[in-house]
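Contents: one structure, followed by commentary.
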Amino acid sequence: MGAYIVRRLWQMIPTLLGVVLLIFFLFNWVGGDPALVLAGKITNAEQIENIRKQLGVDQPYWYQLWVFIKQIVTFDFGRSWATNEAVSNILITRVGPTLTIMIPVLLLETIIGVILAIGVAYVRGTLTDRITMMICTVAMSISFLVYIIVAQYIFGFQLGWFPVQGWSDSFTKNIVTYAPLPILLAVFVSLAPSLRLYRSFFLDEVNQDYVRTARAKGLSEKTVMMKHVLRNAMIPILTNVGISLPGIFVGSFLLETFFSIPGLGREILTAVNRSDFPVIKAATVYLAVVTMVVNLAVDVLYKAVDPRVVLK
Amino acid sequence: MRWQVRKSPHDWVTLLFAIFALLALQPATLAHAAEKKTLKIAFRAAETGFDPQKIEDRYSVGICENIFDSLITYDWLARPVKLVPQIVEAVPTGEEGGTRFTFRIRPGIYFADDPIFKGKRRELVARDMEYAIKRFRDPANRSPYSWLFEDRVVGLDEFVAAAKKSGKYDYDVPVAGLKVIDKYTISFKLKEPDYTFIYFFAMPNVVPVAREAIEGYASDTMGHPVGTGPYVLKEWVRRSKIVLEKNPDYRGHVLNAQYADPADPWDQEAIKYLGRKTLPLIDRIEISPIEEEQPRFLAFMNREHEYIEETPFAFVPQLLPNGKLSPEMQKRNMRVFREEAPETTWDVFNLDDTVVGGYQSQNIGFRRALVLAHDREQEIAIVRRGQALAAQSPVPPGIIGFDPTFHAIEQEYNPARAKALLDMFGYIDKDGDGWRDLPSGAPLKLTYKYRANEESARQQAELWAKCLADVGIRMEAIAVQFADLLKDRKVGKYQMSGIAWTADYPDAQNFLQLLYGPNTNISNDARFKLPEYDRLYTQALKIPDSPERDQLYREMNRIIIVYAPWRLGVHRIFNHFINQWVLGYKKHPILFTSFKYLDIDAAAQKAGMQQ
Amino acid sequence: MSAVLTSNTTAAPIHQASPGLWTLAWRRLKRDKVGMISLVVVAFFLLMIVGSYTGLIARNWSKEVGVSYANPSFLAGAVNLEAAKTESREGAAKIPYVDLSDIDPLAPRYKEWEERTAKIKVTETPRSETLLFGGDKWGRDVLQKAIKGAQTSIFVGLFAALIATIIGTTLGALSGYLGGRVGDLMEWFYNVFSSIPYILLILAFAAVFASSPAMADFRGVPMVIAILGLTGWTGIYRLIRAEFIKHGSREYVKAAEAIGASHGRRMFVHILPNVSHVCLVQLSQHVVQFIKAEVILSYLGLGVPVDAVSWGTMLAEAQSELVIGKWWQLAAAGISMAILVTAFSMLTDSLRDALDPKIK
């Protein structure tokens, strides 16, 4: 186990290098000139040259790449070119609001998804099952943008159940006042696909031999579902949660822009618009690391849940 | 058994609904400080920071207006705008033929208390202004407004060059044209006469700063503004929330009613509510940037904000049918302040381009045909929802040098004239594909670059594509990220693109410099170079505002119409909607915020917000 | 209990059946009522886009036939504040035009110009107060736009999914079948792609296409397809790789090896047909996914160009229309998209069930 983890960690280095190269290539080859964004509406060649020099973008590419790698090793990405704010500070302050939305979303989505899935799996084939799945499919097929626009207008404005937008410094106020509508929207959108997936996991298990054996033993259907099927179906479910876990750090820029949530997704969008390369670099590297670490953790956890899994 | 099990999913559903219902019932509460007068508003875009010499965007500069004091400022009510002293004794007139400007700062102006001053009161002196001017040119600050003091002040360019050579930007080295005469007096000497120079000192970012504060907070000057103005930055969550509070050390200011218009109800209301009171009256201002139109508008309609400035055009016809407040808005006791903004939009042609550029009759004819083909009335009606005036020259109304009689047929939509002109110069369909070709016979396809994720820019591109198709010209519109668009325009890698310019100061020169030949690669994105225009431009700089200068401006405007480096767009009209409890509201065309001259009826606010 | 079993009775082990996988699947699909209805709906949409592609319908979608935000015919007579003429600035028209002739290089040809102008006739088409399902801000017919938009959106979804499936399948096959060094390389590539936040990938690719001169002929709809296709293949890769690992060790592949089939032959002639149902299901799932993703691209301003229309650009345009009560564009694009996507998803489900009867 220990050796496995060490090897997996070791393997992260080439992947990270690949991420670095790809992002560096994409944004350096074609990206806008950050010096021009910063120079202002009236500027001259000398001024632009000076800014380029300060940002280090006048250096040869290999040198810039070397600086980038040094930044990763030292965990110091410097300051935002656009606002002069420390990049680490940007990421730290932005990830809080994003998680405030996304953790409840993931939890609610998983819990409600599993509960509903086990319910419809139990009544599989009945009208309830079919109607539920039908509703899910329809709900999935509407664009997230439409949900946001319509919900903000109806629930935020017409009915006034929620504030239209906003964010505060207090976590309690956020979670009680500002976060519920975005969270509900995100859950509503992601619930349907999860429910469909989880249902199929349950149905996979229902037809397994061990379930038949359990039934043959005379266990009630309820016991079979809750004890046997649920436990076994949890493995693919957890895997699925694991896959979507890194995504919660990025958040949804659509939700964040419409509801004025100062989160990471919106920040990345702004950074790209402003050619704010330090922020782009740092966000990419940190998120890549988070993704890889979470994936590893899920694999290890997987092993813990299911001893049959061989880690290789 | 079966019945029981069948029922359980139903229970879960019930439970779920209960949870949803519970969440849904959470009331949208808004905290209010009862005793303090608090103003809440939204900005249309995020700020960058509050180091006056390092910023350019109007939102950040707008905040600086309230934290810092410029030497002179605009009278709040006077229209057309008028310069008045703010912390100096008088507005200097250009002496020595418009090359010397001397300011005498009033003694007894103090900076707001800040830990950096270690408990001592810090008085504002002339050195602080000298320091600020030098900061504009310090390469380390990469100031977007460094152009204000480039190639103007005697000795300053040499000082910067020497600093560059030695590698040390030494603020203690004196500059001849930037002379601190005594503790409170600073005198500027210019290389050439320039009567627009005085306006720079009314800009909210050309303000004195305390050197010890800048150096003490060197790592984050953007987040630690220390000024002499009526407000201090209380809290700042970047790109999410800005909180200003009254500066307790502030000396106070009063509304000057001398230039008020007796027929203007806004002026009269301002006098009534602000009268001879010591200002400012608002204790706390909370600003949040909301970039999307729908939430910004709905938040205001939900009474989360005191007023909404620059209401998105899309919503205006509903709120102001036929120019009058809608019944719904009347019921809410809403008022609207309409502002003809001191800004111009236009579509620029790249004069260095082989297709749309050039100065031959044929090139001029082609550009003029494009101008005539563009249906500006539709731009105003659809893209701007009627909230704009057609621009007749680059200079917007309200700006010194604006000529209300200037009006050219060559900027009036006329597809027949456009077609005739294209036919005349041989831009006809030669290969029979239904599209016009170049006189040489090569296919003609124009490109128009516009800013991605800006809906109005896309609509403008859409209109161009349609209008040009109507006269038989093919056009491709390319959406580009903001940074790329700036780059392409600066280096001349484009054919056509849309731009807007807001006045830095209220003089036509600020707009006409956009076509001055030597400003190519600086601000002249059209890359327009015409000796006659340049000659008139430099000549106009040397004389103060006068009929003689207006004549020069008129000549330049005629050249612009003839050579058509631009398709002139519009001057937008902004609608600011105000809740009834906001008292004495007025919007200044050049200054960005109104916080300094405003009051709130706290009781009415409380009642209104609770509705 | 019986309810459970009925759904299973159709299950038949594949290798025993004499008719092919596809024939069997079609038979099963025909019995699936929901699947068939969905198929009809999807076929209807496909027919519609063929019609609009060939210009039989919605050819005049870009013509401005109505007033701004013309009312839908079922709301005829409702107040339309947006179409009201804005009062033009009084006075401006009365001022004489400035004389330019002394400096104008075109001045010598003023007369010729005038004569030519007089010969050109300009006709103004009248604008209708109402349109069948309302008009957009330019006065274009929303219904026609939705039909034309369907064409673009489905086209984008299909081709992007095709590209993603081809990339995902090829890489997945190579990685799963060959393993070893090649497999490691592919895994590395996959890891790199899936570690970068999707939104950043999309924006970066969009920047490549928008500003690189090499891509100049590739802008517009192909660009949207390429962005989606090139960034959306990772999920397919994962699945196909697993399938190829599974099949690589199967007996039939070993047998093919024994008779001397090359690696390429074994991969694409022997194994691929056996995993093609996975590809097909993935393909159709991605069509749906990309049709939805196109909306987000349009919201970011990176969607189809201004001379085309898609559901995404319609929705992006309609953002502020709900608030002013002009809900029809939002509804037209939103509902037609919802119908197609629902039908397509259900068809995909039925297809999966038909192809892989073990899962139900």
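Ordered as shown in the structure tokens, chains take letters A, B, and onward, while each chain numbers its residues from 1 and ligands are numbered from 1 in the order shown.
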ask   = Would you list which chain A residues are within 7 Å of chain B using only C-alpha atoms, as a ChimeraX atom specification?
value = /A:31-34,36-44,50-51,83,119,157,161-165,176-177,180,222,257-258,260,262,273-275
Hey, can you spit out that residue selection with C-alpha atoms as an mmCIF file, in the first residue's frame?
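Result written to part_36.cif:
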```cif
data_model
loop_
_atom_site.group_PDB
_atom_site.id
_atom_site.type_symbol
_atom_site.label_atom_id
_atom_site.label_comp_id
_atom_site.auth_asym_id
_atom_site.auth_seq_id
_atom_site.Cartn_x
_atom_site.Cartn_y
_atom_site.Cartn_z
ATOM 1 C CA GLY A 31 -2.658 34.698 -25.724
ATOM 2 C CA GLY A 32 -3.082 38.453 -25.787
ATOM 3 C CA ASP A 33 -0.285 40.735 -24.720
ATOM 4 C CA PRO A 34 -0.729 41.389 -21.005
ATOM 5 C CA LEU A 36 -1.178 46.087 -23.578
ATOM 6 C CA VAL A 37 -3.989 45.375 -21.144
ATOM 7 C CA LEU A 38 -1.997 46.988 -18.362
ATOM 8 C CA ALA A 39 -0.575 49.871 -20.350
ATOM 9 C CA GLY A 40 -3.887 51.691 -20.592
ATOM 10 C CA LYS A 41 -5.706 53.434 -23.373
ATOM 11 C CA ILE A 42 -2.938 55.850 -24.274
ATOM 12 C CA THR A 43 0.470 54.301 -24.297
ATOM 13 C CA ASN A 44 3.688 54.062 -26.251
ATOM 14 C CA ASN A 50 8.975 48.495 -19.728
ATOM 15 C CA ILE A 51 5.916 46.529 -18.670
ATOM 16 C CA THR A 83 -4.380 43.877 -9.605
ATOM 17 C CA GLY A 119 -36.446 4.042 -4.263
ATOM 18 C CA PHE A 157 -37.557 38.659 -8.018
ATOM 19 C CA TRP A 161 -38.132 33.863 -1.762
ATOM 20 C CA PHE A 162 -34.421 34.407 -2.134
ATOM 21 C CA PRO A 163 -32.247 37.476 -2.640
ATOM 22 C CA VAL A 164 -31.535 38.060 -6.315
ATOM 23 C CA GLN A 165 -27.800 38.019 -5.730
ATOM 24 C CA VAL A 176 -28.739 30.643 5.047
ATOM 25 C CA THR A 177 -29.465 33.585 2.750
ATOM 26 C CA PRO A 180 -29.696 28.303 -1.099
ATOM 27 C CA LYS A 222 -36.329 -4.242 2.101
ATOM 28 C CA THR A 257 -21.437 35.453 -12.235
ATOM 29 C CA PHE A 258 -25.219 35.518 -11.998
ATOM 30 C CA SER A 260 -22.308 37.551 -7.519
ATOM 31 C CA PRO A 262 -16.773 35.706 -5.395
ATOM 32 C CA ASN A 273 -9.983 37.951 -20.093
ATOM 33 C CA ARG A 274 -7.219 40.077 -18.627
ATOM 34 C CA SER A 275 -4.390 37.765 -19.751
#
```
ask   = What residues in chain B lie within 6 Å of chain C, counting only C-alpha atoms, written as a PyMOL selection string?
value = chain B and resi 317+361+386+407-409+416-417+420+452-453+462+562
Could you write those residues out with C-alpha atoms, as a PDB file, in the first residue's frame?
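Generated file (out.pdb):
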```pdb
ATOM      1  CA  PRO B 317     -38.202  50.979 -22.927  1.00  0.00           C
ATOM      2  CA  SER B 361      -9.580  58.874 -53.981  1.00  0.00           C
ATOM      3  CA  GLY B 386     -33.109  54.627 -28.393  1.00  0.00           C
ATOM      4  CA  HIS B 407     -23.617  67.990 -39.193  1.00  0.00           C
ATOM      5  CA  ALA B 408     -22.396  66.088 -42.271  1.00  0.00           C
ATOM      6  CA  ILE B 409     -24.342  64.223 -44.909  1.00  0.00           C
ATOM      7  CA  ALA B 416     -28.088  54.084 -52.597  1.00  0.00           C
ATOM      8  CA  ARG B 417     -25.259  56.579 -52.311  1.00  0.00           C
ATOM      9  CA  ALA B 420     -23.233  54.367 -56.377  1.00  0.00           C
ATOM     10  CA  ALA B 452     -16.175  38.312 -27.177  1.00  0.00           C
ATOM     11  CA  ASN B 453     -18.663  38.098 -24.297  1.00  0.00           C
ATOM     12  CA  GLU B 462     -24.300  41.664 -36.600  1.00  0.00           C
ATOM     13  CA  VAL B 562     -13.818  63.524 -45.684  1.00  0.00           C
TER      14      VAL B 562
END
```
How close does chain C get to chain A? List, as a tab-separated table, each residue of chain C within 9 Å, its nearest atom pair and the distance in Å to one decimal, counting only C-alpha atoms.
```
residue	atom	partner	partner_atom	distance
C:Ala3	CA	A:Gly125	CA	6.4
C:Val4	CA	A:Gly125	CA	6.9
C:Thr6	CA	A:Gly125	CA	8.7
C:Ser7	CA	A:Gly125	CA	7.3
C:Trp188	CA	A:Thr15	CA	6.0
C:Phe189	CA	A:Gly18	CA	7.7
C:Asn191	CA	A:Thr15	CA	6.3
C:Val192	CA	A:Val19	CA	5.2
C:Phe193	CA	A:Val19	CA	7.4
C:Ser194	CA	A:Ala288	CA	8.4
C:Ser195	CA	A:Ala288	CA	4.6
C:Ile196	CA	A:Ala288	CA	5.8
C:Pro197	CA	A:Thr284	CA	7.0
C:Ile199	CA	A:Leu269	CA	8.2
C:Leu200	CA	A:Ile268	CA	7.5
C:Leu201	CA	A:Ile23	CA	8.4
C:Leu203	CA	A:Val272	CA	7.5
C:Ala204	CA	A:Leu26	CA	6.0
C:Phe205	CA	A:Leu26	CA	7.3
C:Ala207	CA	A:Val30	CA	6.5
C:Val208	CA	A:Val30	CA	5.6
C:Phe209	CA	A:Val30	CA	8.7
C:Ala210	CA	A:Val30	CA	8.8
C:Ser211	CA	A:Val30	CA	6.4
C:Ser212	CA	A:Val30	CA	6.5
C:Val288	CA	A:Ser141	CA	8.1
C:Lys292	CA	A:Ser143	CA	6.1
C:Ala293	CA	A:Ser143	CA	8.8
C:Val295	CA	A:Ser143	CA	7.4
C:Ile296	CA	A:Leu145	CA	7.6
C:Tyr299	CA	A:Leu145	CA	8.4
C:Leu315	CA	A:Val146	CA	7.4
C:Ala316	CA	A:Leu145	CA	8.3
C:Gln319	CA	A:Ile149	CA	6.7
C:Ser320	CA	A:Ile149	CA	8.5
C:Leu322	CA	A:Val150	CA	7.6
C:Val323	CA	A:Tyr153	CA	7.1
C:Leu330	CA	A:Val146	CA	7.7
C:Gly334	CA	A:Ile142	CA	6.7
C:Ile335	CA	A:Ile142	CA	7.8
C:Met337	CA	A:Ile142	CA	7.2
C:Ala338	CA	A:Ser141	CA	4.9
C:Ile339	CA	A:Ser141	CA	7.7
C:Leu340	CA	A:Ser141	CA	8.2
C:Val341	CA	A:Ser141	CA	5.3
C:Thr342	CA	A:Val138	CA	5.4
C:Ala343	CA	A:Thr137	CA	8.8
C:Ser345	CA	A:Thr137	CA	7.0
C:Met346	CA	A:Thr137	CA	7.4
C:Lys358	CA	A:Asp204	CA	8.4
C:Ile359	CA	A:Asp204	CA	6.6
C:Lys360	CA	A:Leu203	CA	6.9
```
Could you save those same residues with C-alpha atoms as a short mmCIF file (atom, residue, chain, number, x, y, z; two decimals), in the first residue's frame?
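Dumped to again.cif:
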```cif
data_model
loop_
_atom_site.label_atom_id
_atom_site.label_comp_id
_atom_site.auth_asym_id
_atom_site.auth_seq_id
_atom_site.Cartn_x
_atom_site.Cartn_y
_atom_site.Cartn_z
CA ALA C 3 -42.39 -7.10 -12.45
CA VAL C 4 -38.69 -7.49 -12.03
CA THR C 6 -40.53 -9.33 -17.07
CA SER C 7 -37.90 -6.79 -17.89
CA TRP C 188 -0.21 10.50 -19.53
CA PHE C 189 -1.94 12.41 -22.24
CA ASN C 191 -4.20 12.60 -17.27
CA VAL C 192 -2.89 15.90 -18.52
CA PHE C 193 -6.13 16.72 -20.30
CA SER C 194 -8.38 15.68 -17.47
CA SER C 195 -6.35 17.54 -14.85
CA ILE C 196 -6.91 20.95 -16.42
CA PRO C 197 -10.22 22.59 -15.50
CA ILE C 199 -13.41 25.89 -18.62
CA LEU C 200 -9.72 26.80 -18.93
CA LEU C 201 -9.24 24.23 -21.67
CA LEU C 203 -11.00 29.22 -23.28
CA ALA C 204 -7.44 28.31 -24.24
CA PHE C 205 -8.53 26.42 -27.34
CA ALA C 207 -7.98 31.68 -28.04
CA VAL C 208 -5.88 29.45 -30.30
CA PHE C 209 -8.55 29.41 -32.96
CA ALA C 210 -9.51 33.06 -32.73
CA SER C 211 -6.07 34.60 -32.97
CA SER C 212 -3.92 32.20 -34.90
CA VAL C 288 -26.57 15.81 -26.14
CA LYS C 292 -25.75 21.86 -24.17
CA ALA C 293 -22.10 22.91 -24.11
CA VAL C 295 -24.97 27.20 -25.12
CA ILE C 296 -22.19 27.89 -22.65
CA TYR C 299 -22.75 32.69 -23.43
CA LEU C 315 -30.46 31.84 -25.39
CA ALA C 316 -27.51 34.17 -24.86
CA GLN C 319 -30.88 36.65 -21.36
CA SER C 320 -32.38 40.04 -20.70
CA LEU C 322 -37.43 37.53 -19.86
CA VAL C 323 -37.33 40.53 -17.54
CA LEU C 330 -36.10 32.05 -24.59
CA GLY C 334 -35.26 26.46 -24.66
CA ILE C 335 -38.23 24.27 -25.44
CA MET C 337 -33.76 22.20 -27.34
CA ALA C 338 -35.40 20.44 -24.41
CA ILE C 339 -37.60 18.37 -26.73
CA LEU C 340 -34.74 17.26 -28.93
CA VAL C 341 -32.39 16.58 -26.06
CA THR C 342 -35.04 14.62 -24.16
CA ALA C 343 -35.86 12.54 -27.22
CA SER C 345 -31.42 10.94 -24.40
CA MET C 346 -34.34 8.54 -24.31
CA LYS C 358 -27.97 -7.16 -19.53
CA ILE C 359 -28.53 -3.69 -18.18
CA LYS C 360 -32.04 -2.63 -17.65
#
```
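Relative to CA of Val336 (chain B), CA of Lys324 (chain B) is found at 9.1 Å.
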inquiry  = So that I can check the surroundings of region 113-129 of chain B, please list as a list in words every protein, DNA and RNA residue that reaches within 8 Å of it, counting only C-alpha atoms and ignoring chain neighbours fewer than 6 positions away.
reply    = Arg104, Ile105, Pro107, Val180, Asp182, Lys183, Tyr184, Thr185, Ile186, Val207, Pro208, Val209, Ala210, Arg211, Glu212, Ala213, Gly216, Val226, Thr228 and Asp249 of chain B
inquiry  = I need the residue nearest Val294 (chain A) from this list: A:Leu264, A:Val95, A:Leu9, A:Val87. Use only C-alpha atoms for the distance.
reply    = A:Leu9
task = Mind checking which residues fall within 12 Å of Leu47 (chain C), counting only C-alpha atoms, ignoring those fewer than 5 positions away in the same chain, and posting them as a list of chain:residue names?
result = C:Leu39, C:Val40, C:Val41, C:Val42, C:Ser52, C:Tyr53, C:Thr54, C:Leu56, C:Ile57, C:Ile147, C:Ala150, C:Gln151, C:Ile154
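With CA of Phe574 (chain B) on one side and CA of Asp545 (chain B) on the other, the separation reads 27.8 Å.
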query = Asn232 (chain A): which residues within 12 Å, counting only C-alpha atoms, same-chain residues fewer than 3 positions away excluded, as a PyMOL selection string?
reply = chain A and resi 198+201-206+208+210-211+224-229+235-238+302+305-308
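Summary of the local environment: counting only C-alpha atoms, residues at most 7 Å from region 87-98 of chain B, other than itself and those fewer than 5 positions away along its chain, are B:Leu71, B:Ile72, B:Phe103, B:Arg104, B:Ile105, B:Arg106, B:Pro193, B:Asp194, B:Tyr195.
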